[in-house]
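One file, upload23.pdb, carrying PDB, C-alpha atoms and all ligand atoms:
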```
ATOM      1  CA  MET J   1      19.707   5.469  -2.695
ATOM      2  CA  ALA J   2      16.601   3.876  -1.224
ATOM      3  CA  LYS J   3      18.661   1.550   0.931
ATOM      4  CA  ARG J   4      20.647   4.413   2.386
ATOM      5  CA  LYS J   5      17.501   6.336   3.231
ATOM      6  CA  PHE J   6      16.019   3.407   5.135
ATOM      7  CA  PHE J   7      19.253   2.904   7.030
ATOM      8  CA  GLU J   8      19.363   6.532   8.063
ATOM      9  CA  LEU J   9      15.823   6.260   9.338
ATOM     10  CA  GLY J  10      16.604   3.082  11.209
ATOM     11  CA  ILE J  11      14.121   1.002   9.299
ATOM     12  CA  TRP J  12      14.635  -2.693   8.738
ATOM     13  CA  THR J  13      15.732  -2.951   5.137
ATOM     14  CA  THR J  14      16.157  -6.568   4.164
ATOM     15  CA  VAL J  15      13.425  -7.778   1.884
ATOM     16  CA  LYS J  16      12.591 -11.416   1.952
ATOM     17  CA  LYS J  17      11.788 -12.457  -1.582
ATOM     18  CA  THR J  18       9.199 -15.179  -1.744
ATOM     19  CA  ARG J  19       8.414 -17.204  -4.795
ATOM     20  CA  ASP J  20       4.706 -17.505  -4.215
ATOM     21  CA  TYR J  21       3.471 -14.171  -3.003
ATOM     22  CA  PRO J  22       3.836 -10.673  -4.366
ATOM     23  CA  ILE J  23       3.653  -8.915  -1.013
ATOM     24  CA  THR J  24       5.637  -9.493   2.135
ATOM     25  CA  VAL J  25       5.402  -7.637   5.379
ATOM     26  CA  ASN J  26       7.891  -6.685   8.026
ATOM     27  CA  GLN J  27       7.185  -5.006  11.306
ATOM     28  CA  ARG J  28      10.114  -3.290  12.897
ATOM     29  CA  ASN J  29      10.896  -4.329  16.472
ATOM     30  CA  LEU J  30       9.192  -7.665  16.035
ATOM     31  CA  PHE J  31      11.383  -8.634  13.065
ATOM     32  CA  HIS J  32       8.481 -10.638  11.852
ATOM     33  CA  TRP J  33       7.979 -11.613   8.251
ATOM     34  CA  ALA J  34       4.818 -13.038   6.836
ATOM     35  CA  ASN J  35       3.134 -13.280   3.480
ATOM     36  CA  PHE J  36      -0.095 -11.409   3.101
ATOM     37  CA  GLN J  37      -2.211 -14.465   2.364
ATOM     38  CA  ASP J  38      -1.369 -15.896   5.764
ATOM     39  CA  LEU J  39      -2.082 -12.632   7.474
ATOM     40  CA  LEU J  40      -5.320 -12.163   5.657
ATOM     41  CA  HIS J  41      -6.883 -15.572   5.825
ATOM     42  CA  SER J  42      -5.420 -18.130   8.132
ATOM     43  CA  LYS J  43      -2.681 -17.175  10.519
ATOM     44  CA  PRO J  44      -3.424 -14.168  12.693
ATOM     45  CA  GLY J  45      -0.098 -12.853  13.928
ATOM     46  CA  PRO J  46       1.043  -9.840  15.906
ATOM     47  CA  PHE J  47      -0.544  -7.610  13.299
ATOM     48  CA  SER J  48      -3.073  -7.945  10.542
ATOM     49  CA  PHE J  49      -3.811  -6.112   7.330
ATOM     50  CA  LEU J  50      -7.527  -6.316   7.954
ATOM     51  CA  GLU J  51      -7.223  -4.745  11.361
ATOM     52  CA  LEU J  52      -5.601  -1.754   9.701
ATOM     53  CA  GLY J  53      -8.209  -1.629   6.941
ATOM     54  CA  ILE J  54      -5.764  -2.744   4.252
ATOM     55  CA  VAL J  55      -6.920  -5.053   1.475
ATOM     56  CA  SER J  56      -4.701  -6.927  -0.963
ATOM     57  CA  TRP J  57      -4.922  -9.442  -3.759
ATOM     58  CA  ARG J  58      -2.620 -11.422  -5.946
ATOM     59  CA  LEU J  59      -3.622 -11.015  -9.578
ATOM     60  CA  ASN J  60      -2.287 -11.890 -13.028
ATOM     61  CA  PRO J  61      -0.410  -8.799 -14.247
ATOM     62  CA  ASP J  62       0.425 -10.340 -17.620
ATOM     63  CA  ASP J  63      -3.220 -10.317 -18.678
ATOM     64  CA  TYR J  64      -4.669  -7.430 -16.718
ATOM     65  CA  GLU J  65      -6.775  -6.230 -19.649
ATOM     66  CA  ASN J  66      -8.796  -9.453 -19.664
ATOM     67  CA  ASP J  67      -8.539 -10.367 -15.992
ATOM     68  CA  GLU J  68     -11.995 -11.301 -14.696
ATOM     69  CA  GLU J  69     -10.831 -11.086 -11.084
ATOM     70  CA  LEU J  70      -9.643  -7.516 -11.568
ATOM     71  CA  LYS J  71     -12.931  -6.705 -13.304
ATOM     72  CA  ARG J  72     -14.864  -8.144 -10.389
ATOM     73  CA  ILE J  73     -12.870  -6.141  -7.845
ATOM     74  CA  ARG J  74     -13.341  -2.922  -9.820
ATOM     75  CA  GLU J  75     -17.087  -3.448 -10.090
ATOM     76  CA  ALA J  76     -17.513  -4.456  -6.466
ATOM     77  CA  ARG J  77     -15.575  -1.466  -5.160
ATOM     78  CA  GLY J  78     -16.606   1.088  -7.779
ATOM     79  CA  TYR J  79     -13.130   1.703  -9.204
ATOM     80  CA  SER J  80     -14.251   3.473 -12.351
ATOM     81  CA  TYR J  81     -10.964   5.306 -13.000
ATOM     82  CA  MET J  82      -7.750   3.583 -14.047
ATOM     83  CA  ASP J  83      -4.382   4.655 -15.378
ATOM     84  CA  ILE J  84      -0.891   3.214 -15.487
ATOM     85  CA  CYS J  85       2.136   4.987 -14.142
ATOM     86  CA  ASP J  86       5.849   4.221 -14.569
ATOM     87  CA  VAL J  87       7.991   5.299 -11.657
ATOM     88  CA  CYS J  88      11.658   5.298 -12.626
ATOM     89  CA  PRO J  89      14.271   7.997 -13.318
ATOM     90  CA  GLU J  90      13.894   7.683 -17.106
ATOM     91  CA  LYS J  91      10.108   7.909 -17.363
ATOM     92  CA  LEU J  92       8.820   9.994 -14.476
ATOM     93  CA  PRO J  93       9.279  13.761 -14.855
ATOM     94  CA  ASN J  94      10.777  15.352 -11.706
ATOM     95  CA  TYR J  95      11.608  11.887 -10.467
ATOM     96  CA  GLU J  96      13.700  12.894  -7.444
ATOM     97  CA  ALA J  97      11.198  15.480  -6.210
ATOM     98  CA  LYS J  98       8.277  13.101  -6.655
ATOM     99  CA  LEU J  99      10.030  10.260  -4.864
ATOM    100  CA  LYS J 100      10.759  12.633  -2.013
ATOM    101  CA  ASN J 101       7.062  13.558  -1.817
ATOM    102  CA  PHE J 102       5.969   9.922  -1.963
ATOM    103  CA  PHE J 103       8.261   9.209   0.998
ATOM    104  CA  GLU J 104       6.852  11.994   3.181
ATOM    105  CA  GLU J 105       4.438  10.500   5.671
ATOM    106  CA  HIS J 106       0.945  11.478   4.554
ATOM    107  CA  LEU J 107      -2.668  10.472   4.246
ATOM    108  CA  HIS J 108      -5.392  10.830   1.624
ATOM    109  CA  THR J 109      -9.078  11.508   2.011
ATOM    110  CA  ASP J 110      -9.796   8.553  -0.308
ATOM    111  CA  GLU J 111      -8.367   5.083  -0.741
ATOM    112  CA  GLU J 112      -4.958   4.673  -2.362
ATOM    113  CA  ILE J 113      -5.184   1.728  -4.748
ATOM    114  CA  ARG J 114      -2.093   0.390  -6.478
ATOM    115  CA  TYR J 115      -1.590  -2.710  -8.596
ATOM    116  CA  CYS J 116       2.031  -3.597  -9.357
ATOM    117  CA  LEU J 117       2.254  -4.688 -12.999
ATOM    118  CA  GLU J 118       6.062  -4.740 -13.111
ATOM    119  CA  GLY J 119       8.938  -3.969 -10.788
ATOM    120  CA  SER J 120       8.580  -3.534  -7.028
ATOM    121  CA  GLY J 121       8.437  -1.033  -4.204
ATOM    122  CA  TYR J 122       7.664  -0.469  -0.549
ATOM    123  CA  PHE J 123       4.607   0.874   1.231
ATOM    124  CA  ASP J 124       5.177   1.801   4.846
ATOM    125  CA  VAL J 125       2.074   2.087   7.016
ATOM    126  CA  ARG J 126       1.563   2.821  10.704
ATOM    127  CA  ASP J 127       0.206   0.107  12.939
ATOM    128  CA  LYS J 128      -2.182   0.703  15.835
ATOM    129  CA  SER J 129       0.747   1.620  18.093
ATOM    130  CA  ASP J 130       2.071   4.071  15.515
ATOM    131  CA  ARG J 131       5.022   1.871  14.536
ATOM    132  CA  TRP J 132       5.988   1.408  10.916
ATOM    133  CA  ILE J 133       5.117  -1.736   9.043
ATOM    134  CA  ARG J 134       7.004  -2.240   5.803
ATOM    135  CA  ILE J 135       5.061  -3.837   2.963
ATOM    136  CA  ALA J 136       7.102  -4.968  -0.026
ATOM    137  CA  VAL J 137       4.990  -5.086  -3.174
ATOM    138  CA  LYS J 138       6.093  -6.808  -6.324
ATOM    139  CA  LYS J 139       4.646  -7.863  -9.659
ATOM    140  CA  GLY J 140       1.074  -9.122  -9.300
ATOM    141  CA  GLY J 141       0.386  -7.530  -5.935
ATOM    142  CA  MET J 142      -2.570  -5.189  -5.600
ATOM    143  CA  ILE J 143      -3.042  -3.211  -2.419
ATOM    144  CA  VAL J 144      -5.675  -0.820  -1.099
ATOM    145  CA  LEU J 145      -4.761   1.603   1.666
ATOM    146  CA  PRO J 146      -7.865   3.024   3.337
ATOM    147  CA  ALA J 147      -8.652   6.735   3.480
ATOM    148  CA  GLY J 148      -7.035   8.351   6.500
ATOM    149  CA  ILE J 149      -4.163   5.909   7.098
ATOM    150  CA  TYR J 150      -0.713   7.460   7.474
ATOM    151  CA  HIS J 151       1.687   5.937   4.964
ATOM    152  CA  ARG J 152       4.505   6.556   2.503
ATOM    153  CA  PHE J 153       5.946   4.908  -0.574
ATOM    154  CA  THR J 154       9.368   4.406  -2.059
ATOM    155  CA  LEU J 155      11.119   2.238  -4.580
ATOM    156  CA  ASP J 156      13.625  -0.424  -3.654
ATOM    157  CA  THR J 157      17.144  -0.528  -5.084
ATOM    158  CA  ASP J 158      15.838  -1.614  -8.509
ATOM    159  CA  ASN J 159      14.333   1.880  -8.895
ATOM    160  CA  TYR J 160      11.361   0.748 -10.935
ATOM    161  CA  ILE J 161       7.679   0.094 -10.585
ATOM    162  CA  LYS J 162       4.924   0.069 -13.192
ATOM    163  CA  ALA J 163       1.720   0.536 -11.259
ATOM    164  CA  MET J 164      -1.952   0.667 -12.125
ATOM    165  CA  ARG J 165      -3.736   3.397 -10.194
ATOM    166  CA  LEU J 166      -7.439   2.999  -9.529
ATOM    167  CA  PHE J 167      -9.982   5.369  -8.088
ATOM    168  CA  VAL J 168     -13.688   5.819  -7.469
ATOM    169  CA  GLY J 169     -14.744   8.597  -9.877
ATOM    170  CA  GLU J 170     -12.416  11.446 -10.784
ATOM    171  CA  PRO J 171      -9.037  10.877  -9.137
ATOM    172  CA  VAL J 172      -7.781  13.115  -6.342
ATOM    173  CA  TRP J 173      -4.188  12.324  -5.428
ATOM    174  CA  THR J 174      -3.706  15.104  -2.865
ATOM    175  CA  PRO J 175      -1.386  14.051  -0.026
ATOM    176  CA  TYR J 176      -1.848  15.605   3.416
ATOM    177  CA  ASN J 177       1.462  15.384   5.207
ATOM    178  CA  ARG J 178       1.410  14.403   8.846
ATOM    179  CA  PRO J 179      -0.025  15.851  11.037
ATOM    180  CA  HIS J 180      -3.521  16.198   9.564
ATOM    181  CA  ASP J 181      -5.421  14.550  12.382
ATOM    182  CA  HIS J 182      -8.296  17.014  12.178
ATOM    183  CA  LEU J 183      -9.446  15.828   8.738
ATOM    184  CA  PRO J 184     -12.736  13.904   8.782
ATOM    185  CA  ALA J 185     -11.099  11.046   6.852
ATOM    186  CA  ARG J 186      -8.439  10.692   9.554
ATOM    187  CA  LYS J 187     -10.997  10.874  12.345
ATOM    188  CA  ALA J 188     -13.090   8.203  10.633
ATOM    189  CA  TYR J 189     -10.029   5.990  10.181
ATOM    190  CA  VAL J 190      -9.001   6.334  13.825
ATOM    191  CA  GLU J 191     -12.529   5.587  14.981
ATOM    192  CA  SER J 192     -12.900   2.538  12.755
ATOM    193  CA  PHE J 193      -9.464   0.945  12.944
ATOM    194  CA  ILE J 194      -7.462   2.375  15.839
ATOM    195  CA  GLU J 195     -10.300   2.596  18.347
ATOM    196  CA  ASN J 196     -12.076  -0.396  16.784
ATOM    197  CA  LYS J 197     -15.512   1.185  16.747
ATOM    198  CA  ALA J 198     -16.402  -0.422  13.437
ATOM    199  CA  CYS J 199     -15.637  -3.587  11.571
ATOM    200  CA  THR J 200     -13.282  -3.364   8.561
ATOM    201  CA  GLN J 201     -14.805  -2.705   5.182
ATOM    202  CA  ALA J 202     -12.048  -4.944   3.869
ATOM    203  CA  VAL J 203     -14.036  -8.104   4.470
ATOM    204  CA  ASP J 204     -16.637  -6.981   1.950
ATOM    205  CA  ALA J 205     -14.061  -6.919  -0.794
ATOM    206  CA  ASN J 206     -13.623 -10.665  -1.041
TER     207      ASN J 206
HETATM  208 FE    FE J 301      -0.191   8.125  -0.716
END
```
Take the structure I supplied and represent it as structure tokens, if you would.
Ligand SMILES: [Fe+2]
Amino acid sequence: MAKRKFFELGIWTTVKKTRDYPITVNQRNLFHWANFQDLLHSKPGPFSFLELGIVSWRLNPDDYENDEELKRIREARGYSYMDICDVCPEKLPNYEAKLKNFFEEHLHTDEEIRYCLEGSGYFDVRDKSDRWIRIAVKKGGMIVLPAGIYHRFTLDTDNYIKAMRLFVGEPVWTPYNRPHDHLPARKAYVESFIENKACTQAVDAN
């Protein structure tokens, strides 16, 4: 189902599975693949997570309850709330409707923080030129999408992800479907990351 959807939308669908990294990135039109570590730290390419305000880590999902690195990230970024969510036809009520909502292009007024404990999925985000970038997340990958970025999520053909959701304070999951350019969170995002009027907050996370 997911594959068909992507095809209909003309989005590059092949996912390069890497052994070493939980997140890979593809930008349509450039047909460029890279692992997030390279993008983040050493090999600036045609696009960069940091330039879009996106932060990611590779963590140990098999011991997340005792993971000091996860603890450190939560403390540093104030992620006081945490829950775990299974997204698959058997466990998620109203699965089809929810998947459809996840795949509508939207933004949030707060960060969207997801840590893939099992399974896999795709986050699509807009780059500075408003083109889609496809981010494939698999077990061990944790990603933070900044407030105000347009994005969407879907599963791959395995139809399963077990994800930890984190939040600062009481969670607000409200999606604002595009266009919601008048929201202060969107304006702040555009100013900081599209118009480059501020440095990324992402650097502070590491
Ligand atoms: Fe979202």
Would you mind listing what lies within 9 Å of region 100-114 of chain J as a PDB file with C-alpha atoms, in the coordinates of the input, with only C-alpha atoms counted and same-chain residues fewer than 5 positions away left out?
```pdb
ATOM      1  CA  TYR J  95      11.608  11.887 -10.467  1.00  0.00           C
ATOM      2  CA  ASP J 124       5.177   1.801   4.846  1.00  0.00           C
ATOM      3  CA  VAL J 125       2.074   2.087   7.016  1.00  0.00           C
ATOM      4  CA  GLY J 141       0.386  -7.530  -5.935  1.00  0.00           C
ATOM      5  CA  MET J 142      -2.570  -5.189  -5.600  1.00  0.00           C
ATOM      6  CA  ILE J 143      -3.042  -3.211  -2.419  1.00  0.00           C
ATOM      7  CA  VAL J 144      -5.675  -0.820  -1.099  1.00  0.00           C
ATOM      8  CA  LEU J 145      -4.761   1.603   1.666  1.00  0.00           C
ATOM      9  CA  PRO J 146      -7.865   3.024   3.337  1.00  0.00           C
ATOM     10  CA  ALA J 147      -8.652   6.735   3.480  1.00  0.00           C
ATOM     11  CA  GLY J 148      -7.035   8.351   6.500  1.00  0.00           C
ATOM     12  CA  ILE J 149      -4.163   5.909   7.098  1.00  0.00           C
ATOM     13  CA  TYR J 150      -0.713   7.460   7.474  1.00  0.00           C
ATOM     14  CA  HIS J 151       1.687   5.937   4.964  1.00  0.00           C
ATOM     15  CA  ARG J 152       4.505   6.556   2.503  1.00  0.00           C
ATOM     16  CA  PHE J 153       5.946   4.908  -0.574  1.00  0.00           C
ATOM     17  CA  THR J 154       9.368   4.406  -2.059  1.00  0.00           C
ATOM     18  CA  ALA J 163       1.720   0.536 -11.259  1.00  0.00           C
ATOM     19  CA  MET J 164      -1.952   0.667 -12.125  1.00  0.00           C
ATOM     20  CA  ARG J 165      -3.736   3.397 -10.194  1.00  0.00           C
ATOM     21  CA  LEU J 166      -7.439   2.999  -9.529  1.00  0.00           C
ATOM     22  CA  PHE J 167      -9.982   5.369  -8.088  1.00  0.00           C
ATOM     23  CA  VAL J 168     -13.688   5.819  -7.469  1.00  0.00           C
ATOM     24  CA  VAL J 172      -7.781  13.115  -6.342  1.00  0.00           C
ATOM     25  CA  TRP J 173      -4.188  12.324  -5.428  1.00  0.00           C
ATOM     26  CA  THR J 174      -3.706  15.104  -2.865  1.00  0.00           C
ATOM     27  CA  PRO J 175      -1.386  14.051  -0.026  1.00  0.00           C
ATOM     28  CA  TYR J 176      -1.848  15.605   3.416  1.00  0.00           C
ATOM     29  CA  ASN J 177       1.462  15.384   5.207  1.00  0.00           C
ATOM     30  CA  ARG J 178       1.410  14.403   8.846  1.00  0.00           C
ATOM     31  CA  PRO J 179      -0.025  15.851  11.037  1.00  0.00           C
ATOM     32  CA  HIS J 180      -3.521  16.198   9.564  1.00  0.00           C
ATOM     33  CA  LEU J 183      -9.446  15.828   8.738  1.00  0.00           C
ATOM     34  CA  PRO J 184     -12.736  13.904   8.782  1.00  0.00           C
ATOM     35  CA  ALA J 185     -11.099  11.046   6.852  1.00  0.00           C
ATOM     36  CA  ARG J 186      -8.439  10.692   9.554  1.00  0.00           C
TER      37      ARG J 186
END
```
Exercise. In terms of the shortest atom-to-atom distance over only C-alpha atoms, which of J:Pro89, J:Pro61, J:Gly78, J:Gly53 is closest to Asn159 (chain J)?
Worked result: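 Residue with the minimum atom-to-atom distance to Asn159 (chain J): J:Pro89.
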For this session: Give me the result of the PyMOL selection byres (((chain J and resi 74) around 12) and not hetatm) on this file, residue by residue, as a list in words.
Result: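 So the PyMOL selection byres (((chain J and resi 74) around 12) and not hetatm) ends up selecting Tyr64, Asp67, Glu68, Glu69, Leu70, Lys71, Arg72, Ile73, Glu75, Ala76, Arg77, Gly78, Tyr79, Ser80, Tyr81, Met82, Ile113, Tyr115, Met142, Val144, Arg165, Leu166, Phe167, Val168, Gly169, Ala205 and Asn206 of chain J.
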Which neighbours of Lys139 (chain J) fall inside 8 Å, counting all atoms listed in the file, when residues of the same chain fewer than 6 positions from it are skipped, and could you give them as a PDB file with C-alpha atoms, in the coordinates of the input?
```pdb
ATOM      1  CA  PRO J  22       3.836 -10.673  -4.366  1.00  0.00           C
ATOM      2  CA  PRO J  61      -0.410  -8.799 -14.247  1.00  0.00           C
ATOM      3  CA  CYS J 116       2.031  -3.597  -9.357  1.00  0.00           C
ATOM      4  CA  LEU J 117       2.254  -4.688 -12.999  1.00  0.00           C
ATOM      5  CA  GLU J 118       6.062  -4.740 -13.111  1.00  0.00           C
ATOM      6  CA  GLY J 119       8.938  -3.969 -10.788  1.00  0.00           C
ATOM      7  CA  SER J 120       8.580  -3.534  -7.028  1.00  0.00           C
TER       8      SER J 120
END
```
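The gap separating CA of Asp130 (chain J) from CA of Arg58 (chain J) is 26.9 Å, in Å to one decimal.
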Exercise. Which residue, J:Ala97, J:Ile54, J:Val190, J:Leu59, has the smallest gap to Lys128 (chain J) when you use all atoms listed in the file?
Worked result: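 Looking at the shortest contact to Lys128 (chain J), the residue is J:Val190.
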Problem set entry | For CA of Glu65 (chain J) and CA of Lys91 (chain J), the interatomic separation in Å (one decimal) | 22.1 Å
Exercise. How many Å separate CA of Glu191 (chain J) from CA of Val55 (chain J)?
Worked result: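 These two atoms are separated by 18.1 Å.
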Problem set entry | From J:Ile133, J:Asp62, J:Asp83, J:Leu99, residue lying nearest ligand FE 301 (chain J) [only C-alpha atoms and all ligand atoms] |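 Of the candidates, the smallest distance to ligand FE 301 (chain J) is held by J:Leu99.
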Problem set entry | Selected residue of minimal separation from ligand FE 301 (chain J) among J:Trp57, J:Phe123, J:Glu195, J:Ala136, counting only C-alpha atoms and all ligand atoms |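 Closest residue, counting only C-alpha atoms and all ligand atoms: J:Phe123.
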For this session: Rank J:Phe49, J:Tyr122, J:Tyr189, J:Tyr160 by their smallest atom-to-atom distance to Cys85 (chain J), using all atoms listed in the file, and report the top residue only.
Result: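 Once distances to Cys85 (chain J) are computed over all atoms listed in the file, the minimum belongs to J:Tyr160.
If you measure from each of J:Leu50, J:Leu155, J:Val137, J:Ile161 to Asp86 (chain J) using only C-alpha atoms, the closest one turns out to be J:Ile161.
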Please report, as AutoDock Vina command-line options, the centre and edge lengths in Å to one decimal of an axis-aligned box covering all listed atoms of region 85-101 of chain J with 4 Å per side.
```
--center_x 8.2 --center_y 9.9 --center_z -9.6 --size_x 20.1 --size_y 19.3 --size_z 23.5
```
Kindly write region 168-189 of chain J with N, CA and C atoms to a file, as a short mmCIF file (atom, residue, chain, number, x, y, z; two decimals), in the first residue's frame.
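Output file selection.cif follows:
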```cif
data_model
loop_
_atom_site.label_atom_id
_atom_site.label_comp_id
_atom_site.auth_asym_id
_atom_site.auth_seq_id
_atom_site.Cartn_x
_atom_site.Cartn_y
_atom_site.Cartn_z
N VAL J 168 8.17 18.02 25.49
CA VAL J 168 8.47 18.92 26.62
C VAL J 168 7.15 19.24 27.30
N GLY J 169 6.95 18.73 28.53
CA GLY J 169 5.69 18.98 29.25
C GLY J 169 4.56 18.12 28.72
N GLU J 170 3.33 18.61 28.91
CA GLU J 170 2.16 17.85 28.46
C GLU J 170 2.12 17.81 26.93
N PRO J 171 1.96 16.61 26.36
CA PRO J 171 2.04 16.52 24.90
C PRO J 171 0.86 17.15 24.17
N VAL J 172 1.17 17.80 23.07
CA VAL J 172 0.16 18.34 22.15
C VAL J 172 0.51 17.81 20.77
N TRP J 173 -0.33 16.95 20.23
CA TRP J 173 0.03 16.31 18.96
C TRP J 173 -0.68 16.97 17.77
N THR J 174 -1.34 18.09 18.00
CA THR J 174 -2.19 18.68 16.95
C THR J 174 -1.42 18.93 15.65
N PRO J 175 -1.90 18.35 14.54
CA PRO J 175 -1.30 18.67 13.24
C PRO J 175 -2.05 19.83 12.58
N TYR J 176 -1.31 20.72 11.97
CA TYR J 176 -1.92 21.82 11.19
C TYR J 176 -1.57 21.56 9.72
N ASN J 177 -2.58 21.11 8.99
CA ASN J 177 -2.31 20.75 7.59
C ASN J 177 -1.96 21.99 6.77
N ARG J 178 -1.07 21.76 5.82
CA ARG J 178 -0.64 22.87 4.96
C ARG J 178 -1.81 23.38 4.13
N PRO J 179 -2.00 24.71 4.00
CA PRO J 179 -1.12 25.78 4.47
C PRO J 179 -1.54 26.32 5.85
N HIS J 180 -0.53 26.53 6.70
CA HIS J 180 -0.73 27.22 7.97
C HIS J 180 0.47 28.15 8.19
N ASP J 181 0.74 28.92 7.14
CA ASP J 181 1.94 29.77 7.17
C ASP J 181 1.84 30.94 8.14
N HIS J 182 0.62 31.24 8.58
CA HIS J 182 0.44 32.39 9.46
C HIS J 182 0.77 32.07 10.92
N LEU J 183 0.91 30.79 11.25
CA LEU J 183 1.18 30.44 12.65
C LEU J 183 2.56 30.96 13.08
N PRO J 184 2.66 31.46 14.30
CA PRO J 184 3.95 31.95 14.79
C PRO J 184 5.06 30.91 14.69
N ALA J 185 4.73 29.64 14.94
CA ALA J 185 5.75 28.59 14.86
C ALA J 185 6.28 28.45 13.45
N ARG J 186 5.41 28.59 12.46
CA ARG J 186 5.85 28.51 11.06
C ARG J 186 6.71 29.73 10.70
N LYS J 187 6.24 30.90 11.13
CA LYS J 187 7.00 32.12 10.84
C LYS J 187 8.40 32.04 11.45
N ALA J 188 8.46 31.53 12.68
CA ALA J 188 9.76 31.42 13.36
C ALA J 188 10.65 30.42 12.62
N TYR J 189 10.06 29.32 12.16
CA TYR J 189 10.84 28.32 11.43
C TYR J 189 11.40 28.92 10.13
#
```
